[in-house]
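**Student:** Have a look at this one.
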Amino acid sequence: MSLRCLITAGPTREFFDPVRYISNPSSGKMGYALAAAAGDAGWSVDLVSGPVSLREPEGVILYPVVTGEDMFNQVDALFGPCDILIKTAAVCDFRPKERSSTKVKKTGAGMTVEFEPVRDILKAMGERRRADQTLVGFAAETNDIEAYAMRKLEEKHLDLVVANRVGGGRGANAFESDDNTVVLLGRNGLRKAFGPAPKTEVAKWLIGEIAAFHAAK
């Protein structure tokens, strides 16, 4: 039986006004590579993607979104029928509390912006998941990589979490890079490392590991 997989990829944008926003350096390459690898494995793939400059993988259904709220709503709509959720997207955790309907003009004074939290997609899906679904998260960290990843796995009711280093330093090749180094951690005690390697190869390895985990549930 073909598995139905839901993957999120890329960054989100949160706007101050019609022309300015906050975001992050996520290129979407890891998520798109996973979508392609899942498609090659014969899975049915829904890809919810923030703004990226990548070609849609062949055979994948693409759902373009922009903001964190957009992504939440699209994932929420697609989550029920999926067998596996893989959330690689780098969603902005906060958004400006107020958004101007017109461009904010530059002045000599400084600017203070109040932020509010963006809804946590992975935690929300973890709270409503079925026992037969497999949830996989990504933890992009600058330090204490595996400790923070395991905390995320527990707090968000995940089965697996993929930990990788970002922000500079040795092994920090996740954002925007064509390569990645990952550690796959599971609530069943699983710990496997892969890389450094091209993200296409990392994706193939991860899809194989996720498939094996899901089949053993």
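Ordering of the structure tokens sets the chain letters (A, B, ...), residue numbers begin anew at 1 in every chain, and ligands are numbered from 1 in the order given.
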Mind the document's chain letters and residue numbers, and return as a PyMOL selection string the residues of segment 47-152 of chain A that DSSP labels strand (DSSP E or B).
**Tutor:** chain A and resi 47-49+61-64+84-87+90+94-96+115-117+134-141
**Student:** Which residues are close to Thr200 of chain A, i.e. within 12 Å by only C-alpha atoms, leaving aside same-chain residues fewer than 6 positions away? Reply as a ChimeraX atom specification.
**Tutor:** /A:29-38,40,177-181,206-207
**Student:** Residues at most 10 Å from His157 of chain A, counting only C-alpha atoms, excluding those fewer than 6 positions away in the same chain, as a ChimeraX atom specification?
**Tutor:** /A:122-129,135-137,151,187
**Student:** With N, CA and C atoms retained, could you export that selection as an mmCIF file, in the first residue's frame?
**Tutor:**
data_model
loop_
_atom_site.group_PDB
_atom_site.id
_atom_site.type_symbol
_atom_site.label_atom_id
_atom_site.label_comp_id
_atom_site.auth_asym_id
_atom_site.auth_seq_id
_atom_site.Cartn_x
_atom_site.Cartn_y
_atom_site.Cartn_z
ATOM 1 N N LEU A 122 3.635 21.927 14.591
ATOM 2 C CA LEU A 122 4.017 20.559 14.940
ATOM 3 C C LEU A 122 3.392 20.133 16.268
ATOM 4 N N LYS A 123 3.378 21.018 17.237
ATOM 5 C CA LYS A 123 2.771 20.691 18.529
ATOM 6 C C LYS A 123 1.270 20.450 18.378
ATOM 7 N N ALA A 124 0.610 21.285 17.579
ATOM 8 C CA ALA A 124 -0.835 21.124 17.375
ATOM 9 C C ALA A 124 -1.157 19.793 16.704
ATOM 10 N N MET A 125 -0.375 19.405 15.692
ATOM 11 C CA MET A 125 -0.611 18.132 15.030
ATOM 12 C C MET A 125 -0.284 16.962 15.966
ATOM 13 N N GLY A 126 0.750 17.139 16.805
ATOM 14 C CA GLY A 126 1.111 16.097 17.760
ATOM 15 C C GLY A 126 0.019 15.836 18.775
ATOM 16 N N GLU A 127 -0.723 16.868 19.123
ATOM 17 C CA GLU A 127 -1.787 16.730 20.113
ATOM 18 C C GLU A 127 -3.031 16.064 19.553
ATOM 19 N N ARG A 128 -3.195 16.063 18.242
ATOM 20 C CA ARG A 128 -4.398 15.469 17.645
ATOM 21 C C ARG A 128 -4.089 14.255 16.783
ATOM 22 N N ARG A 129 -2.860 13.801 16.799
ATOM 23 C CA ARG A 129 -2.432 12.691 15.961
ATOM 24 C C ARG A 129 -3.131 11.393 16.314
ATOM 25 N N LEU A 135 5.062 10.988 13.075
ATOM 26 C CA LEU A 135 5.402 12.411 13.027
ATOM 27 C C LEU A 135 6.906 12.587 13.164
ATOM 28 N N VAL A 136 7.462 13.336 12.215
ATOM 29 C CA VAL A 136 8.905 13.581 12.178
ATOM 30 C C VAL A 136 9.145 15.083 12.180
ATOM 31 N N GLY A 137 9.942 15.554 13.111
ATOM 32 C CA GLY A 137 10.300 16.957 13.164
ATOM 33 C C GLY A 137 11.769 17.169 12.862
ATOM 34 N N ARG A 151 14.280 17.196 23.560
ATOM 35 C CA ARG A 151 13.235 17.956 24.242
ATOM 36 C C ARG A 151 12.079 18.241 23.289
ATOM 37 N N ARG A 187 11.932 8.185 19.831
ATOM 38 C CA ARG A 187 11.469 7.979 21.202
ATOM 39 C C ARG A 187 11.690 6.538 21.651
#
